[in-house]
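Q: Mind looking over this structure? Questions follow.
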Amino acid sequence: VRSVQASVPPFHSSPELTKIMDAWMVELFELEPDFVIVTFSLSMKYVDINYGYTLIWFLMLWAVIPYFSCYTALIFMLVEIRKRLIATGVALSARTIQLQRQFFVMQLLQSFLPLGVLGVPLCMFMYGIFIEGNLGLVSLPIAIALWFCPIVLASVQLRYIRQSTARAPTKSTTVVSQMTRFTTQEP
């Protein structure tokens, strides 16, 4: 509990805000009033009673800046990998070219599908922030979407593995005579 408060100081809410959040949790989940709850919270509505901490700084420092810098580096690396995969002046087999294309598509999917999975819950979260409303149980899809990210990423890798191990049809050099059942090599 203390490690979360130390790593993200704005989550160490004031006693006044903690009291409000605890009451909301008891009401939301229909808990007994004497049930012990530990809440970590930020708010845009109660900045004045929460040591002046606001959710905007948290979003900027812990979400927007890291995501922007990571996706900028990711796009740069994807472009560099694509340049290296496009071999000029080298004869590549059709299978190699197909695997390279599948690999690049897998990288794109693996990079941008988490944004798609988290997009709707993040929009709901941002809407709740800007209307300064209590999200209540609407916040559960946000948590569920976080659980789907590893599943989506694993399914992309599984798709690539299945496609890359699928055997391409090859022309047989063995001819079997239907009439004599003798096997001969095709010239």
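Residue numbering restarts at 1 in every chain; chains get A, B, ... in the order shown in the structure tokens, and ligands count up from 1 in that same order.
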Please provide the set of residues having any atom within 12 Å of Thr165 in chain A, restricted to only C-alpha atoms, with same-chain residues fewer than 5 positions apart removed, written as a PyMOL selection string.
A: chain A and resi 95+98-99+102+158-160
Q: How about saving the chosen residues, N, CA, C and O atoms kept, as a PDB file, in the first residue's frame?
A:
ATOM      1  N   ARG A  95       8.364 -17.202 -50.312  1.00  0.00           N
ATOM      2  CA  ARG A  95       8.057 -17.550 -48.911  1.00  0.00           C
ATOM      3  C   ARG A  95       8.708 -16.554 -47.950  1.00  0.00           C
ATOM      4  O   ARG A  95       8.092 -16.132 -46.979  1.00  0.00           O
ATOM      5  N   GLN A  98       6.793 -13.356 -48.098  1.00  0.00           N
ATOM      6  CA  GLN A  98       5.514 -13.519 -47.406  1.00  0.00           C
ATOM      7  C   GLN A  98       5.702 -13.471 -45.895  1.00  0.00           C
ATOM      8  O   GLN A  98       4.945 -12.809 -45.189  1.00  0.00           O
ATOM      9  N   LEU A  99       6.732 -14.148 -45.375  1.00  0.00           N
ATOM     10  CA  LEU A  99       6.999 -14.135 -43.934  1.00  0.00           C
ATOM     11  C   LEU A  99       7.382 -12.739 -43.453  1.00  0.00           C
ATOM     12  O   LEU A  99       6.985 -12.324 -42.360  1.00  0.00           O
ATOM     13  N   GLN A 102       4.155 -10.758 -43.268  1.00  0.00           N
ATOM     14  CA  GLN A 102       3.370 -11.190 -42.109  1.00  0.00           C
ATOM     15  C   GLN A 102       3.979 -10.690 -40.810  1.00  0.00           C
ATOM     16  O   GLN A 102       3.261 -10.296 -39.884  1.00  0.00           O
ATOM     17  N   LEU A 158       0.179 -15.480 -31.792  1.00  0.00           N
ATOM     18  CA  LEU A 158      -0.290 -16.804 -32.187  1.00  0.00           C
ATOM     19  C   LEU A 158      -0.686 -16.812 -33.663  1.00  0.00           C
ATOM     20  O   LEU A 158      -0.385 -17.763 -34.389  1.00  0.00           O
ATOM     21  N   ARG A 159      -1.326 -15.743 -34.112  1.00  0.00           N
ATOM     22  CA  ARG A 159      -1.703 -15.625 -35.524  1.00  0.00           C
ATOM     23  C   ARG A 159      -0.457 -15.679 -36.410  1.00  0.00           C
ATOM     24  O   ARG A 159      -0.431 -16.374 -37.417  1.00  0.00           O
ATOM     25  N   TYR A 160       0.578 -14.952 -36.025  1.00  0.00           N
ATOM     26  CA  TYR A 160       1.812 -14.957 -36.815  1.00  0.00           C
ATOM     27  C   TYR A 160       2.447 -16.340 -36.831  1.00  0.00           C
ATOM     28  O   TYR A 160       2.880 -16.824 -37.881  1.00  0.00           O
TER      29      TYR A 160
END
Q: Might you pull out every residue within 12 Å of Gly119 in chain A, with only C-alpha atoms counted and same-chain residues fewer than 3 positions away left off, and present them as a list of chain:residue names?
A: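 Once the adjacent positions are removed, what remains is A:Phe112, A:Leu113, A:Pro114, A:Leu115, A:Gly116, A:Leu122, A:Cys123, A:Met124, A:Phe125, A:Met126, A:Pro141, A:Ile142, A:Ala145, A:Leu146, A:Cys149.
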Q: Just list the residues in range 94-173 of chain A DSSP gives alpha helix (DSSP H) on the backbone, as a VMD selection string.
A: chain A and resid 94 to 130 140 to 165
Q: What lies within 8 Å of range 42-56 of chain A using only C-alpha atoms, ignoring chain neighbours under 4 positions off, as a list in words?
A: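 Counting only C-alpha atoms, the residues come to Pro10, Phe11, Ser13, Ser14, Glu16, Leu17, Met60, Ile129, Phe130 and Glu132 of chain A.
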Q: If you count only C-alpha atoms, which residues fall within 10 Å of range 68-80 of chain A, apart from same-chain ones fewer than 2 positions away, as a list in words?
A: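 With the cut-off at 10 Å, the set is Ala63, Val64, Ile65, Pro66, Arg82, Lys83, Arg84, Leu85, Phe104, Gln107, Leu108, Ser111 and Phe112 of chain A.
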Q: Between A:Ile86, A:Phe58, A:Phe103, A:Ala91, which has the minimum distance to Arg162 in chain A (counting only C-alpha atoms)?
A: A:Phe103
Q: Excluding same-chain residues fewer than 3 positions from Met25 in chain A, what lies within 12 Å of it counting only C-alpha atoms, as a compact mmCIF listing (two decimals) with all heavy atoms, in the first residue's frame?
A:
# COMPACT_ATOMS: atom_id res chain seq x y z
N THR A 18 -10.17 11.11 1.37
CA THR A 18 -10.26 9.68 1.70
C THR A 18 -11.61 9.36 2.31
O THR A 18 -12.23 8.34 1.98
CB THR A 18 -9.12 9.28 2.66
OG1 THR A 18 -7.87 9.57 2.03
CG2 THR A 18 -9.19 7.81 3.01
N LYS A 19 -12.09 10.23 3.18
CA LYS A 19 -13.40 10.02 3.81
C LYS A 19 -14.51 10.01 2.76
O LYS A 19 -15.41 9.16 2.79
CB LYS A 19 -13.64 11.14 4.83
CG LYS A 19 -14.55 10.77 5.96
CD LYS A 19 -14.77 11.96 6.87
CE LYS A 19 -13.98 11.77 8.13
NZ LYS A 19 -14.29 12.81 9.14
N ILE A 20 -14.45 10.94 1.81
CA ILE A 20 -15.46 11.02 0.75
C ILE A 20 -15.40 9.76 -0.12
O ILE A 20 -16.43 9.15 -0.43
CB ILE A 20 -15.25 12.28 -0.12
CG1 ILE A 20 -15.55 13.54 0.70
CG2 ILE A 20 -16.11 12.24 -1.37
CD1 ILE A 20 -15.13 14.83 0.03
N MET A 21 -14.19 9.35 -0.53
CA MET A 21 -14.04 8.18 -1.39
C MET A 21 -14.46 6.90 -0.67
O MET A 21 -15.08 6.02 -1.28
CB MET A 21 -12.60 8.05 -1.89
CG MET A 21 -12.17 9.16 -2.80
SD MET A 21 -13.20 9.18 -4.29
CE MET A 21 -12.65 10.67 -5.04
N ASP A 22 -14.11 6.78 0.60
CA ASP A 22 -14.53 5.60 1.37
C ASP A 22 -16.05 5.51 1.43
O ASP A 22 -16.63 4.43 1.26
CB ASP A 22 -13.95 5.64 2.78
CG ASP A 22 -12.46 5.38 2.81
OD1 ASP A 22 -11.89 4.98 1.76
OD2 ASP A 22 -11.85 5.56 3.89
N LEU A 28 -21.40 2.40 -3.19
CA LEU A 28 -21.37 1.79 -4.52
C LEU A 28 -21.43 0.28 -4.46
O LEU A 28 -22.19 -0.36 -5.19
CB LEU A 28 -20.11 2.24 -5.27
CG LEU A 28 -19.90 1.67 -6.66
CD1 LEU A 28 -20.99 2.16 -7.60
CD2 LEU A 28 -18.53 2.04 -7.19
N PHE A 29 -20.64 -0.31 -3.58
CA PHE A 29 -20.56 -1.77 -3.50
C PHE A 29 -21.45 -2.35 -2.41
O PHE A 29 -21.37 -3.54 -2.12
CB PHE A 29 -19.11 -2.22 -3.32
CG PHE A 29 -18.25 -1.92 -4.51
CD1 PHE A 29 -17.32 -0.89 -4.48
CD2 PHE A 29 -18.41 -2.64 -5.68
CE1 PHE A 29 -16.54 -0.61 -5.58
CE2 PHE A 29 -17.63 -2.37 -6.79
CZ PHE A 29 -16.70 -1.34 -6.75
N GLU A 30 -22.26 -1.51 -1.81
CA GLU A 30 -23.22 -1.91 -0.77
C GLU A 30 -22.53 -2.71 0.33
O GLU A 30 -22.93 -3.82 0.68
CB GLU A 30 -24.37 -2.71 -1.39
CG GLU A 30 -25.14 -1.91 -2.42
CD GLU A 30 -26.17 -2.73 -3.17
OE1 GLU A 30 -26.27 -3.96 -2.93
OE2 GLU A 30 -26.89 -2.14 -4.00
N LEU A 31 -21.47 -2.13 0.88
CA LEU A 31 -20.70 -2.76 1.94
C LEU A 31 -21.25 -2.35 3.30
O LEU A 31 -21.97 -1.37 3.43
CB LEU A 31 -19.23 -2.34 1.83
CG LEU A 31 -18.53 -2.68 0.52
CD1 LEU A 31 -17.16 -2.02 0.48
CD2 LEU A 31 -18.42 -4.17 0.33
N GLU A 32 -20.86 -3.11 4.30
CA GLU A 32 -21.22 -2.75 5.67
C GLU A 32 -20.47 -1.48 6.05
O GLU A 32 -19.31 -1.30 5.64
CB GLU A 32 -20.84 -3.89 6.63
CG GLU A 32 -21.56 -5.19 6.36
CD GLU A 32 -23.06 -5.06 6.59
OE1 GLU A 32 -23.47 -4.35 7.52
OE2 GLU A 32 -23.82 -5.68 5.82
N PRO A 33 -21.08 -0.59 6.80
CA PRO A 33 -20.41 0.68 7.14
C PRO A 33 -19.09 0.52 7.89
O PRO A 33 -18.21 1.36 7.79
CB PRO A 33 -21.44 1.40 8.02
CG PRO A 33 -22.74 0.76 7.70
CD PRO A 33 -22.45 -0.64 7.28
N PHE A 35 -16.90 -1.84 7.32
CA PHE A 35 -15.97 -2.56 6.46
C PHE A 35 -14.74 -1.67 6.22
O PHE A 35 -14.88 -0.50 5.90
CB PHE A 35 -16.65 -2.90 5.13
CG PHE A 35 -15.90 -3.88 4.30
CD1 PHE A 35 -16.00 -5.24 4.54
CD2 PHE A 35 -15.07 -3.45 3.27
CE1 PHE A 35 -15.31 -6.16 3.77
CE2 PHE A 35 -14.37 -4.36 2.50
CZ PHE A 35 -14.49 -5.72 2.75
N VAL A 36 -13.54 -2.24 6.38
CA VAL A 36 -12.31 -1.47 6.23
C VAL A 36 -11.97 -1.35 4.73
O VAL A 36 -11.87 -2.35 4.03
CB VAL A 36 -11.13 -2.13 6.98
CG1 VAL A 36 -9.85 -1.36 6.75
CG2 VAL A 36 -11.45 -2.24 8.45
N ILE A 37 -11.79 -0.12 4.29
CA ILE A 37 -11.49 0.17 2.89
C ILE A 37 -10.23 1.01 2.82
O ILE A 37 -10.04 1.93 3.62
CB ILE A 37 -12.64 0.95 2.23
CG1 ILE A 37 -13.92 0.15 2.28
CG2 ILE A 37 -12.31 1.31 0.80
CD1 ILE A 37 -15.11 0.93 1.79
N VAL A 38 -9.37 0.71 1.85
CA VAL A 38 -8.21 1.55 1.58
C VAL A 38 -8.39 2.09 0.16
O VAL A 38 -8.42 1.33 -0.80
CB VAL A 38 -6.90 0.75 1.69
CG1 VAL A 38 -5.72 1.63 1.33
CG2 VAL A 38 -6.75 0.16 3.07
N THR A 39 -8.55 3.38 0.02
CA THR A 39 -8.75 3.98 -1.30
C THR A 39 -7.57 4.88 -1.65
O THR A 39 -6.98 5.53 -0.78
CB THR A 39 -10.04 4.82 -1.35
OG1 THR A 39 -9.99 5.82 -0.35
CG2 THR A 39 -11.26 3.96 -1.16
N PHE A 40 -7.24 4.88 -2.92
CA PHE A 40 -6.26 5.81 -3.48
C PHE A 40 -7.02 6.59 -4.53
O PHE A 40 -7.67 6.00 -5.39
CB PHE A 40 -5.08 5.06 -4.09
CG PHE A 40 -4.35 4.21 -3.11
CD1 PHE A 40 -4.60 2.86 -3.02
CD2 PHE A 40 -3.40 4.77 -2.27
CE1 PHE A 40 -3.93 2.07 -2.12
CE2 PHE A 40 -2.73 3.99 -1.37
CZ PHE A 40 -2.99 2.63 -1.29
N SER A 41 -6.92 7.87 -4.48
CA SER A 41 -7.76 8.63 -5.40
C SER A 41 -7.13 9.95 -5.79
O SER A 41 -6.32 10.52 -5.07
CB SER A 41 -9.12 8.87 -4.75
OG SER A 41 -8.97 9.48 -3.49
N ASN A 134 -18.94 11.08 -10.89
CA ASN A 134 -18.56 9.84 -10.24
C ASN A 134 -18.82 8.71 -11.22
O ASN A 134 -19.96 8.48 -11.60
CB ASN A 134 -19.39 9.67 -8.96
CG ASN A 134 -19.02 8.42 -8.21
OD1 ASN A 134 -18.13 7.68 -8.61
ND2 ASN A 134 -19.70 8.19 -7.10
N LEU A 135 -17.80 8.01 -11.65
CA LEU A 135 -17.96 6.96 -12.64
C LEU A 135 -18.67 5.74 -12.09
O LEU A 135 -19.33 5.02 -12.83
CB LEU A 135 -16.60 6.55 -13.20
CG LEU A 135 -15.90 7.56 -14.08
CD1 LEU A 135 -14.54 7.03 -14.49
CD2 LEU A 135 -16.71 7.90 -15.30
N GLY A 136 -18.54 5.48 -10.82
CA GLY A 136 -19.21 4.34 -10.22
C GLY A 136 -18.80 3.04 -10.88
O GLY A 136 -17.63 2.79 -11.16
N LEU A 137 -19.77 2.19 -11.17
CA LEU A 137 -19.48 0.89 -11.78
C LEU A 137 -19.07 0.99 -13.23
O LEU A 137 -18.62 0.01 -13.82
CB LEU A 137 -20.69 -0.03 -11.63
CG LEU A 137 -21.01 -0.47 -10.20
CD1 LEU A 137 -22.28 -1.29 -10.17
CD2 LEU A 137 -19.86 -1.25 -9.59
